>>> print(open('work_38.pdb').read())   # PDB, C-alpha atoms
ATOM      1  CA  GLN A 271      18.602   1.059  -7.853  1.00  0.00           C
ATOM      2  CA  VAL A 272      14.921   1.006  -7.001  1.00  0.00           C
ATOM      3  CA  GLN A 273      14.003   2.129  -3.510  1.00  0.00           C
ATOM      4  CA  LEU A 274      10.615   2.286  -1.839  1.00  0.00           C
ATOM      5  CA  VAL A 275      10.665   3.963   1.561  1.00  0.00           C
ATOM      6  CA  GLU A 276       7.604   3.834   3.780  1.00  0.00           C
ATOM      7  CA  SER A 277       6.889   6.222   6.638  1.00  0.00           C
ATOM      8  CA  GLY A 278       4.025   7.298   8.854  1.00  0.00           C
ATOM      9  CA  GLY A 279       3.476   4.231  10.975  1.00  0.00           C
ATOM     10  CA  GLY A 280       3.043   4.353  14.725  1.00  0.00           C
ATOM     11  CA  LEU A 281       0.795   3.669  17.689  1.00  0.00           C
ATOM     12  CA  VAL A 282      -2.813   4.833  17.552  1.00  0.00           C
ATOM     13  CA  GLN A 283      -5.964   4.131  19.511  1.00  0.00           C
ATOM     14  CA  ALA A 284      -8.862   2.279  17.974  1.00  0.00           C
ATOM     15  CA  GLY A 285     -11.002   4.659  15.958  1.00  0.00           C
ATOM     16  CA  GLY A 286      -8.046   6.874  15.124  1.00  0.00           C
ATOM     17  CA  SER A 287      -6.327   7.645  11.845  1.00  0.00           C
ATOM     18  CA  LEU A 288      -2.885   7.413  10.281  1.00  0.00           C
ATOM     19  CA  ARG A 289      -1.506   8.309   6.875  1.00  0.00           C
ATOM     20  CA  LEU A 290       1.258   6.175   5.449  1.00  0.00           C
ATOM     21  CA  SER A 291       3.570   7.428   2.724  1.00  0.00           C
ATOM     22  CA  CYS A 292       5.822   5.562   0.326  1.00  0.00           C
ATOM     23  CA  ALA A 293       8.473   7.503  -1.572  1.00  0.00           C
ATOM     24  CA  ALA A 294       9.784   5.798  -4.697  1.00  0.00           C
ATOM     25  CA  SER A 295      13.105   6.374  -6.430  1.00  0.00           C
ATOM     26  CA  GLY A 296      15.150   4.674  -9.124  1.00  0.00           C
ATOM     27  CA  LEU A 297      12.159   3.909 -11.321  1.00  0.00           C
ATOM     28  CA  THR A 298       9.825   5.719 -13.691  1.00  0.00           C
ATOM     29  CA  PHE A 299       7.012   6.116 -11.193  1.00  0.00           C
ATOM     30  CA  THR A 300       4.303   6.755 -13.778  1.00  0.00           C
ATOM     31  CA  SER A 301       5.034   3.360 -15.389  1.00  0.00           C
ATOM     32  CA  TYR A 302       4.103   1.505 -12.219  1.00  0.00           C
ATOM     33  CA  GLY A 303       0.967   0.582 -10.415  1.00  0.00           C
ATOM     34  CA  MET A 304       1.419   0.773  -6.655  1.00  0.00           C
ATOM     35  CA  GLY A 305       0.080  -1.342  -3.849  1.00  0.00           C
ATOM     36  CA  TRP A 306      -0.043  -1.639  -0.080  1.00  0.00           C
ATOM     37  CA  PHE A 307       0.154  -4.944   1.756  1.00  0.00           C
ATOM     38  CA  ARG A 308       0.301  -5.783   5.446  1.00  0.00           C
ATOM     39  CA  GLN A 309       1.645  -8.599   7.552  1.00  0.00           C
ATOM     40  CA  ALA A 310       0.551  -9.310  11.089  1.00  0.00           C
ATOM     41  CA  PRO A 311       2.766 -11.385  13.407  1.00  0.00           C
ATOM     42  CA  GLY A 312       2.667 -15.053  12.468  1.00  0.00           C
ATOM     43  CA  LYS A 313       0.501 -14.427   9.414  1.00  0.00           C
ATOM     44  CA  GLU A 314       1.003 -14.166   5.681  1.00  0.00           C
ATOM     45  CA  ARG A 315       1.412 -10.902   3.836  1.00  0.00           C
ATOM     46  CA  ASP A 316      -2.036  -9.733   2.753  1.00  0.00           C
ATOM     47  CA  PHE A 317      -3.217  -7.324   0.093  1.00  0.00           C
ATOM     48  CA  VAL A 318      -4.666  -4.029   1.327  1.00  0.00           C
ATOM     49  CA  ALA A 319      -5.076  -1.673  -1.639  1.00  0.00           C
ATOM     50  CA  ALA A 320      -3.803  -0.904  -5.129  1.00  0.00           C
ATOM     51  CA  ILE A 321      -3.755   2.103  -7.418  1.00  0.00           C
ATOM     52  CA  SER A 322      -3.205   1.906 -11.138  1.00  0.00           C
ATOM     53  CA  ARG A 323      -1.133   4.171 -13.341  1.00  0.00           C
ATOM     54  CA  SER A 324      -4.294   6.095 -14.228  1.00  0.00           C
ATOM     55  CA  GLY A 325      -5.400   6.438 -10.599  1.00  0.00           C
ATOM     56  CA  GLY A 326      -8.011   3.715 -10.421  1.00  0.00           C
ATOM     57  CA  THR A 327      -8.211   1.982  -7.054  1.00  0.00           C
ATOM     58  CA  TYR A 328      -9.030  -1.419  -5.608  1.00  0.00           C
ATOM     59  CA  TYR A 329      -9.357  -2.469  -1.958  1.00  0.00           C
ATOM     60  CA  ALA A 330      -9.506  -5.539   0.183  1.00  0.00           C
ATOM     61  CA  ASP A 331     -12.969  -6.023   1.636  1.00  0.00           C
ATOM     62  CA  SER A 332     -11.567  -5.676   5.155  1.00  0.00           C
ATOM     63  CA  VAL A 333     -10.522  -2.042   4.578  1.00  0.00           C
ATOM     64  CA  LYS A 334     -13.076  -0.837   2.040  1.00  0.00           C
ATOM     65  CA  GLY A 335     -14.715   2.382   3.203  1.00  0.00           C
ATOM     66  CA  ARG A 336     -12.021   3.009   5.839  1.00  0.00           C
ATOM     67  CA  PHE A 337      -8.763   3.212   3.863  1.00  0.00           C
ATOM     68  CA  THR A 338      -7.958   5.364   0.836  1.00  0.00           C
ATOM     69  CA  ILE A 339      -5.000   4.891  -1.476  1.00  0.00           C
ATOM     70  CA  SER A 340      -3.758   7.795  -3.569  1.00  0.00           C
ATOM     71  CA  ARG A 341      -0.680   8.802  -5.519  1.00  0.00           C
ATOM     72  CA  ASP A 342       1.179  12.014  -6.305  1.00  0.00           C
ATOM     73  CA  ASN A 343       3.150  11.482  -9.488  1.00  0.00           C
ATOM     74  CA  ALA A 344       4.952  14.813  -9.096  1.00  0.00           C
ATOM     75  CA  LYS A 345       6.393  13.574  -5.791  1.00  0.00           C
ATOM     76  CA  ASN A 346       6.828   9.900  -6.774  1.00  0.00           C
ATOM     77  CA  THR A 347       4.819   9.046  -3.681  1.00  0.00           C
ATOM     78  CA  VAL A 348       1.880   6.810  -2.866  1.00  0.00           C
ATOM     79  CA  TYR A 349      -0.227   7.266   0.253  1.00  0.00           C
ATOM     80  CA  LEU A 350      -2.533   5.159   2.383  1.00  0.00           C
ATOM     81  CA  GLN A 351      -4.992   7.136   4.490  1.00  0.00           C
ATOM     82  CA  MET A 352      -6.303   4.868   7.230  1.00  0.00           C
ATOM     83  CA  ASN A 353      -9.384   5.921   9.188  1.00  0.00           C
ATOM     84  CA  SER A 354     -11.525   4.188  11.803  1.00  0.00           C
ATOM     85  CA  LEU A 355      -8.607   1.963  12.685  1.00  0.00           C
ATOM     86  CA  LYS A 356      -9.249  -1.316  14.478  1.00  0.00           C
ATOM     87  CA  PRO A 357      -6.925  -3.509  16.572  1.00  0.00           C
ATOM     88  CA  GLU A 358      -7.032  -6.088  13.765  1.00  0.00           C
ATOM     89  CA  ASP A 359      -5.345  -3.521  11.488  1.00  0.00           C
ATOM     90  CA  THR A 360      -2.175  -3.940  13.553  1.00  0.00           C
ATOM     91  CA  ALA A 361       0.600  -5.090  11.202  1.00  0.00           C
ATOM     92  CA  VAL A 362       3.705  -4.084   9.338  1.00  0.00           C
ATOM     93  CA  TYR A 363       2.573  -2.250   6.205  1.00  0.00           C
ATOM     94  CA  TYR A 364       4.548  -2.632   2.998  1.00  0.00           C
ATOM     95  CA  CYS A 365       4.518  -0.578  -0.167  1.00  0.00           C
ATOM     96  CA  ALA A 366       4.981  -2.413  -3.490  1.00  0.00           C
ATOM     97  CA  ALA A 367       5.441  -1.450  -7.135  1.00  0.00           C
ATOM     98  CA  LYS A 368       4.362  -3.348 -10.225  1.00  0.00           C
ATOM     99  CA  ARG A 369       5.305  -2.469 -13.800  1.00  0.00           C
ATOM    100  CA  THR A 370       2.064  -2.449 -15.806  1.00  0.00           C
ATOM    101  CA  SER A 371       0.656  -1.318 -19.087  1.00  0.00           C
ATOM    102  CA  ARG A 372      -1.182   1.970 -19.234  1.00  0.00           C
ATOM    103  CA  SER A 373      -4.567   0.215 -19.421  1.00  0.00           C
ATOM    104  CA  THR A 374      -4.124  -2.201 -16.506  1.00  0.00           C
ATOM    105  CA  THR A 375      -6.771  -1.633 -13.868  1.00  0.00           C
ATOM    106  CA  ALA A 376      -6.037  -1.662 -10.167  1.00  0.00           C
ATOM    107  CA  GLN A 377      -7.997  -4.892  -9.730  1.00  0.00           C
ATOM    108  CA  ALA A 378      -6.044  -6.550 -12.543  1.00  0.00           C
ATOM    109  CA  MET A 379      -2.733  -5.716 -10.847  1.00  0.00           C
ATOM    110  CA  GLY A 380      -3.325  -8.645  -8.539  1.00  0.00           C
ATOM    111  CA  VAL A 381      -3.524  -9.289  -4.833  1.00  0.00           C
ATOM    112  CA  MET A 382      -0.661 -11.756  -4.382  1.00  0.00           C
ATOM    113  CA  PRO A 383       2.736 -10.508  -3.200  1.00  0.00           C
ATOM    114  CA  ASN A 384       4.572 -12.415  -5.929  1.00  0.00           C
ATOM    115  CA  GLU A 385       2.782 -10.349  -8.566  1.00  0.00           C
ATOM    116  CA  TYR A 386       4.696  -7.211  -7.540  1.00  0.00           C
ATOM    117  CA  ASP A 387       8.214  -6.294  -8.607  1.00  0.00           C
ATOM    118  CA  TYR A 388       9.654  -4.117  -5.839  1.00  0.00           C
ATOM    119  CA  TRP A 389       9.085  -3.768  -2.114  1.00  0.00           C
ATOM    120  CA  GLY A 390       9.788  -1.343   0.688  1.00  0.00           C
ATOM    121  CA  GLN A 391      11.113  -2.281   4.108  1.00  0.00           C
ATOM    122  CA  GLY A 392       7.791  -1.751   5.864  1.00  0.00           C
ATOM    123  CA  THR A 393       6.400   0.529   8.551  1.00  0.00           C
ATOM    124  CA  ARG A 394       4.741  -0.754  11.708  1.00  0.00           C
ATOM    125  CA  VAL A 395       1.194   0.195  12.654  1.00  0.00           C
ATOM    126  CA  THR A 396      -0.140  -0.690  16.093  1.00  0.00           C
ATOM    127  CA  VAL A 397      -3.764  -0.060  16.990  1.00  0.00           C
ATOM    128  CA  SER A 398      -4.590  -0.300  20.681  1.00  0.00           C
ATOM    129  CA  SER A 399      -8.046  -1.173  21.953  1.00  0.00           C
TER     130      SER A 399
END
>>> encode(input="work_38.pdb", output="structure tokens")
Amino acid sequence: QVQLVESGGGLVQAGGSLRLSCAASGLTFTSYGMGWFRQAPGKERDFVAAISRSGGTYYADSVKGRFTISRDNAKNTVYLQMNSLKPEDTAVYYCAAKRTSRSTTAQAMGVMPNEYDYWGQGTRVTVSS
């Protein structure tokens, strides 16, 4: 059974930082590209960042230069380092996994939720002004 478990969310002031983690189990982690999405109240689930099997990355324009996605294959974990947080970053953040070929780039993984195979339960991030 595949499980993705996010952690690290919380309340932070604008300009602050948080690091989200997503621990994966029940799958061969190195066969999957990983992504982060977020969903604000009353809005659709939006793409944030992706990392390919080889470690290439791709970001939404809204977070480029502020957020960094990374992965530790030894720990079956993907991270999202979030700096210079803004109130508009407030959302529930979801980790997602997508089975890909070895050569698939992070950009080619896709930005739509229905392109990903497995999802975590989400972790809430609140940024106060």
>>> closest_residue(input="work_38.pdb", among="A:Val348, A:Ala284, A:Val275, A:Val397", to="Trp306 in chain A", atoms="all atoms listed in the file")
A:Val348
>>> residues_around(input="work_38.pdb", residues="range 330-334 of chain A", least_positions_apart="6", cutoff="12 Å", atoms="all atoms listed in the file", output="ChimeraX atom specification")
/A:305-308,316-320,350-356,358-359,376-377,380-382
>>> atom_distance(input="work_38.pdb", atom1="CA of Ser291 in chain A", atom2="CA of Asp387 in chain A")
18.4 Å
>>> resolve_selection(input="work_38.pdb", expression="the PyMOL selection byres ((chain A and resi 389) around 8)", output="compact mmCIF listing (two decimals) with C-alpha atoms, in the frame of the given file")
# COMPACT_ATOMS: atom_id res chain seq x y z
CA GLN A 273 14.00 2.13 -3.51
CA LEU A 274 10.62 2.29 -1.84
CA TYR A 364 4.55 -2.63 3.00
CA CYS A 365 4.52 -0.58 -0.17
CA ALA A 366 4.98 -2.41 -3.49
CA ALA A 367 5.44 -1.45 -7.14
CA TYR A 386 4.70 -7.21 -7.54
CA ASP A 387 8.21 -6.29 -8.61
CA TYR A 388 9.65 -4.12 -5.84
CA GLY A 390 9.79 -1.34 0.69
CA GLN A 391 11.11 -2.28 4.11
>>> closest_residue(input="work_38.pdb", among="A:Ser340, A:Ser322, A:Asn346, A:Ser399", to="Ala378 in chain A", atoms="all atoms listed in the file")
A:Ser322
>>> build_atoms(input="work_38.pdb", residues="range 288-305 of chain A", atoms="N, CA, C and O atoms", output="PDB file, in the coordinates of the input")
ATOM      1  N   LEU A 288      -4.293   7.256  10.644  1.00  0.00           N
ATOM      2  CA  LEU A 288      -2.885   7.413  10.281  1.00  0.00           C
ATOM      3  C   LEU A 288      -2.810   7.558   8.772  1.00  0.00           C
ATOM      4  O   LEU A 288      -3.658   7.020   8.056  1.00  0.00           O
ATOM      5  N   ARG A 289      -1.776   8.256   8.314  1.00  0.00           N
ATOM      6  CA  ARG A 289      -1.506   8.309   6.875  1.00  0.00           C
ATOM      7  C   ARG A 289      -0.096   7.794   6.622  1.00  0.00           C
ATOM      8  O   ARG A 289       0.883   8.345   7.124  1.00  0.00           O
ATOM      9  N   LEU A 290      -0.033   6.734   5.851  1.00  0.00           N
ATOM     10  CA  LEU A 290       1.258   6.175   5.449  1.00  0.00           C
ATOM     11  C   LEU A 290       1.683   6.787   4.117  1.00  0.00           C
ATOM     12  O   LEU A 290       0.847   7.074   3.265  1.00  0.00           O
ATOM     13  N   SER A 291       2.994   6.944   3.974  1.00  0.00           N
ATOM     14  CA  SER A 291       3.570   7.428   2.724  1.00  0.00           C
ATOM     15  C   SER A 291       4.608   6.438   2.238  1.00  0.00           C
ATOM     16  O   SER A 291       5.243   5.744   3.037  1.00  0.00           O
ATOM     17  N   CYS A 292       4.787   6.402   0.937  1.00  0.00           N
ATOM     18  CA  CYS A 292       5.822   5.562   0.326  1.00  0.00           C
ATOM     19  C   CYS A 292       6.469   6.371  -0.785  1.00  0.00           C
ATOM     20  O   CYS A 292       5.824   6.662  -1.797  1.00  0.00           O
ATOM     21  N   ALA A 293       7.728   6.727  -0.578  1.00  0.00           N
ATOM     22  CA  ALA A 293       8.473   7.503  -1.572  1.00  0.00           C
ATOM     23  C   ALA A 293       9.288   6.565  -2.444  1.00  0.00           C
ATOM     24  O   ALA A 293      10.065   5.754  -1.930  1.00  0.00           O
ATOM     25  N   ALA A 294       9.106   6.678  -3.746  1.00  0.00           N
ATOM     26  CA  ALA A 294       9.784   5.798  -4.697  1.00  0.00           C
ATOM     27  C   ALA A 294      10.913   6.536  -5.409  1.00  0.00           C
ATOM     28  O   ALA A 294      10.789   7.724  -5.723  1.00  0.00           O
ATOM     29  N   SER A 295      11.996   5.825  -5.657  1.00  0.00           N
ATOM     30  CA  SER A 295      13.105   6.374  -6.430  1.00  0.00           C
ATOM     31  C   SER A 295      13.741   5.261  -7.249  1.00  0.00           C
ATOM     32  O   SER A 295      13.563   4.078  -6.948  1.00  0.00           O
ATOM     33  N   GLY A 296      14.462   5.650  -8.301  1.00  0.00           N
ATOM     34  CA  GLY A 296      15.150   4.674  -9.124  1.00  0.00           C
ATOM     35  C   GLY A 296      14.274   3.986 -10.144  1.00  0.00           C
ATOM     36  O   GLY A 296      14.699   3.013 -10.774  1.00  0.00           O
ATOM     37  N   LEU A 297      13.055   4.454 -10.312  1.00  0.00           N
ATOM     38  CA  LEU A 297      12.159   3.909 -11.321  1.00  0.00           C
ATOM     39  C   LEU A 297      11.328   5.042 -11.914  1.00  0.00           C
ATOM     40  O   LEU A 297      11.241   6.136 -11.344  1.00  0.00           O
ATOM     41  N   THR A 298      10.737   4.759 -13.074  1.00  0.00           N
ATOM     42  CA  THR A 298       9.825   5.719 -13.691  1.00  0.00           C
ATOM     43  C   THR A 298       8.458   5.520 -13.054  1.00  0.00           C
ATOM     44  O   THR A 298       7.706   4.614 -13.426  1.00  0.00           O
ATOM     45  N   PHE A 299       8.157   6.343 -12.074  1.00  0.00           N
ATOM     46  CA  PHE A 299       7.012   6.116 -11.193  1.00  0.00           C
ATOM     47  C   PHE A 299       5.710   5.987 -11.980  1.00  0.00           C
ATOM     48  O   PHE A 299       4.864   5.153 -11.661  1.00  0.00           O
ATOM     49  N   THR A 300       5.558   6.769 -13.014  1.00  0.00           N
ATOM     50  CA  THR A 300       4.303   6.755 -13.778  1.00  0.00           C
ATOM     51  C   THR A 300       4.122   5.498 -14.620  1.00  0.00           C
ATOM     52  O   THR A 300       3.044   5.283 -15.179  1.00  0.00           O
ATOM     53  N   SER A 301       5.144   4.636 -14.672  1.00  0.00           N
ATOM     54  CA  SER A 301       5.034   3.360 -15.389  1.00  0.00           C
ATOM     55  C   SER A 301       4.637   2.214 -14.469  1.00  0.00           C
ATOM     56  O   SER A 301       4.574   1.063 -14.916  1.00  0.00           O
ATOM     57  N   TYR A 302       4.381   2.538 -13.225  1.00  0.00           N
ATOM     58  CA  TYR A 302       4.103   1.505 -12.219  1.00  0.00           C
ATOM     59  C   TYR A 302       2.758   1.718 -11.541  1.00  0.00           C
ATOM     60  O   TYR A 302       2.409   2.846 -11.161  1.00  0.00           O
ATOM     61  N   GLY A 303       2.036   0.602 -11.381  1.00  0.00           N
ATOM     62  CA  GLY A 303       0.967   0.582 -10.415  1.00  0.00           C
ATOM     63  C   GLY A 303       1.576   0.358  -9.041  1.00  0.00           C
ATOM     64  O   GLY A 303       2.655  -0.239  -8.915  1.00  0.00           O
ATOM     65  N   MET A 304       0.892   0.851  -8.019  1.00  0.00           N
ATOM     66  CA  MET A 304       1.419   0.773  -6.655  1.00  0.00           C
ATOM     67  C   MET A 304       0.420   0.080  -5.737  1.00  0.00           C
ATOM     68  O   MET A 304      -0.801   0.212  -5.924  1.00  0.00           O
ATOM     69  N   GLY A 305       0.947  -0.645  -4.773  1.00  0.00           N
ATOM     70  CA  GLY A 305       0.080  -1.342  -3.849  1.00  0.00           C
ATOM     71  C   GLY A 305       0.557  -1.238  -2.414  1.00  0.00           C
ATOM     72  O   GLY A 305       1.717  -0.899  -2.158  1.00  0.00           O
TER      73      GLY A 305
END
